[in-house]
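First up is the structure itself, then whatever we jot down about it.
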Amino acid sequence: MPALSFGDLKGKVCVITGGSGVIGSALAEAFAAAGVKTAICGRDAKKASARAKAIADRTGTQVLGLSADVLDRPSLLNAKQAITEQLGPVDILINGAGGNDPAATTKKETIGPEDIGDLQSAFFGLDIKAFSRVFDLNLQGTVLPTMVFCQEMATRSRGVVLNISSMNSFRPLTKIPAYSAAKASVNNLTLWLAVHFAKVNIRVNAIAPGFFLSDQNRFLLTDEKTGELTARGKKIINATPLGSFGQPADLQGAALFLCSDMSRFITGTILPVDGGFNAYSGV
């Protein structure tokens, strides 16, 4: 019979890439509160260590903060060694590193005949290097940590991977083609890995957050000077049945569920946490 609580998580070891970011920190807080020994991995070692200490002080659980670059295998291997030595073998991997790049964002939502003289403000003016950076961070930044941290899971025949996707993966937003396409790729990778790892008892799922204010999207959704919603921000709120942006804490229950034995028969699933955005047709 499946567990009816998150008690099975206590004492396990979880690695969170992008763990010092807004969403990663919220997940680290939830897992540590559930008794999970947690490693917060980020590019800034000082920031990761500070977050880890604060969470450890609040929860009384061992939390480790360390530097790791999700696009650099040696960096990930060094992190894995430190985690194994200080916390133990990894049971759970949360691929939380990701983000967008303003240079991979169009100025115009769509183009019409009136825009023919200024096509560089649309798709044709995207910085292809920035486009590649967004793909690398979101997709390769999911592939490499999975390669590094899941090999031992396979030898032990147990483990859980949770990828952080986005609502853009289902319904691509205007202006951000690179981010939307990269997150759609993360969804496809999640399904592929779920099948590939099933026989060694590694479950792979993803969460697709709706609209959460973050450093990556704040410049699109709020006015820098007034803090008021932009026209785009208002459109998103109007298209979200629950009528607000999500809070990082809104992801905690879904993440704990998908990483616990309560979801032991769930793999290859992308779970929207979006306030109903994906369900709403606009009328």
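Labeling convention for the structure tokens: chains A, B, ... as they appear, residues from 1 per chain, ligands from 1 in order of appearance.
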
I need the strand (DSSP E) residues of range 53-277 of chain A per DSSP on the backbone, written as a list in words.
Val63, Leu64, Gly65, Leu66, Ser67, Ile92, Leu93, Ile94, Asn95, Gly159, Val160, Val161, Leu162, Asn163, Ile164, Ile202, Arg203, Val204, Asn205, Ala206, Ile207, Ala208, Pro209, Ile270, Leu271, Pro272 and Val273 of chain A

Could you list, as a ChimeraX atom specification, every residue within 6 Å of Met167 in chain A, counting only C-alpha atoms and ignoring same-chain residues fewer than 6 positions away?
/A:208-210

9 Å contact set for Ser132 in chain A, only C-alpha atoms, chain neighbours under 5 positions out, as an MDAnalysis selection string:
chainID A and resid 104 127 137 178

Contacts of Arg58 in chain A at 9 Å or less, counting only C-alpha atoms, minus same-chain residues fewer than 4 places along, as JSON, numbers by chain?
{"A": [29, 33, 53, 54]}

For range 223-229 of chain A: contacts at 12 Å, only C-alpha atoms, fewer than 5 positions along chain excluded, given as a list in words
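In the requested format, the answer is Leu213, Asp215, Asn217, Arg218, Lys234, Lys235, Ile236, Ile237, Asn238, Ser244 and Phe245 of chain A.
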
Dump of N, CA and C atoms for the selected residues, as a JSON list (two decimals), in the first residue's frame:
```json
[["chain", "number", "residue", "atom", "x", "y", "z"],
["A", 213, "LEU", "N", 6.36, 35.52, -10.52],
["A", 213, "LEU", "CA", 7.29, 36.62, -10.72],
["A", 213, "LEU", "C", 8.69, 36.18, -10.31],
["A", 215, "ASP", "N", 13.26, 36.84, -11.32],
["A", 215, "ASP", "CA", 14.24, 37.73, -11.95],
["A", 215, "ASP", "C", 14.22, 37.59, -13.47],
["A", 217, "ASN", "N", 11.56, 36.98, -15.48],
["A", 217, "ASN", "CA", 10.42, 37.53, -16.23],
["A", 217, "ASN", "C", 9.90, 38.86, -15.69],
["A", 218, "ARG", "N", 10.52, 39.34, -14.62],
["A", 218, "ARG", "CA", 10.01, 40.57, -14.00],
["A", 218, "ARG", "C", 9.98, 41.74, -14.98],
["A", 234, "LYS", "N", -1.01, 42.17, -17.08],
["A", 234, "LYS", "CA", -2.46, 42.20, -16.90],
["A", 234, "LYS", "C", -3.14, 41.12, -17.75],
["A", 235, "LYS", "N", -2.63, 40.90, -18.96],
["A", 235, "LYS", "CA", -3.20, 39.86, -19.82],
["A", 235, "LYS", "C", -3.06, 38.49, -19.17],
["A", 236, "ILE", "N", -1.92, 38.25, -18.53],
["A", 236, "ILE", "CA", -1.69, 36.96, -17.89],
["A", 236, "ILE", "C", -2.65, 36.76, -16.71],
["A", 237, "ILE", "N", -2.78, 37.78, -15.89],
["A", 237, "ILE", "CA", -3.69, 37.68, -14.74],
["A", 237, "ILE", "C", -5.12, 37.44, -15.21],
["A", 238, "ASN", "N", -5.52, 38.14, -16.27],
["A", 238, "ASN", "CA", -6.88, 37.97, -16.80],
["A", 238, "ASN", "C", -7.10, 36.58, -17.38],
["A", 244, "SER", "N", -4.21, 35.44, -9.94],
["A", 244, "SER", "CA", -2.98, 35.97, -9.34],
["A", 244, "SER", "C", -1.77, 35.24, -9.91],
["A", 245, "PHE", "N", -0.60, 35.81, -9.67],
["A", 245, "PHE", "CA", 0.62, 35.07, -9.95],
["A", 245, "PHE", "C", 0.82, 34.03, -8.86]]
```

From a DSSP pass on the backbone, collect the residues of range 26-171 of chain A flagged as alpha helix (DSSP H) and hand them back as an MDAnalysis selection string.
chainID A and resid 26:33 45:59 73:86 128:135 141:156

Write out as a count of residues only which residues come within 7 Å of range 11-27 of chain A when counting only C-alpha atoms, dropping same-chain ones fewer than 6 positions away.
25

Name the closest residue to Val134 in chain A among the candidates A:Val148, A:Ile176, A:Val195, A:Ala154; distances are taken between atoms, counting only C-alpha atoms.
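Ranked by minimum distance to Val134 in chain A, first place goes to A:Ile176.
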
Measure the distance from CA of Asn100 in chain A to CA of Tyr179 in chain A in Å and round it to one decimal.
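It comes out at 5.7 Å.
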
CA of Leu4 in chain A to CA of Leu256 in chain A, distance in Å rounded to a single decimal
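Atom-to-atom, CA of Leu4 in chain A and CA of Leu256 in chain A are spaced 12.3 Å apart.
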
Would you mind listing what lies within 10 Å of Arg203 in chain A as JSON, numbers by chain, with only C-alpha atoms counted and same-chain residues fewer than 6 positions away left out?
{"A": [92, 158, 159, 160, 161, 162, 190, 193, 194, 195, 196, 197, 258, 259, 263, 264, 265, 266, 267, 268, 269]}

Restricting the output to C-alpha atoms, write the selected residues as a CSV table (one decimal), in the first residue's frame.
```csv
chain,number,residue,atom,x,y,z
A,92,ILE,CA,16.4,12.7,-5.5
A,158,ARG,CA,16.1,3.5,-7.0
A,159,GLY,CA,15.7,7.2,-7.3
A,160,VAL,CA,13.5,10.1,-8.4
A,161,VAL,CA,14.1,12.9,-10.9
A,162,LEU,CA,11.9,16.0,-10.9
A,190,THR,CA,11.1,13.9,-19.2
A,193,LEU,CA,13.9,9.5,-19.5
A,194,ALA,CA,10.8,8.1,-17.7
A,195,VAL,CA,10.7,5.2,-20.1
A,196,HIS,CA,14.5,4.7,-20.3
A,197,PHE,CA,14.9,4.6,-16.5
A,258,LEU,CA,6.1,13.6,-6.9
A,259,CYS,CA,9.2,12.8,-5.0
A,263,SER,CA,3.3,8.9,-6.2
A,264,ARG,CA,5.2,5.6,-6.7
A,265,PHE,CA,3.1,4.7,-9.8
A,266,ILE,CA,3.5,8.0,-11.5
A,267,THR,CA,6.3,8.6,-14.0
A,268,GLY,CA,6.5,10.5,-17.3
A,269,THR,CA,4.0,13.1,-16.1
```
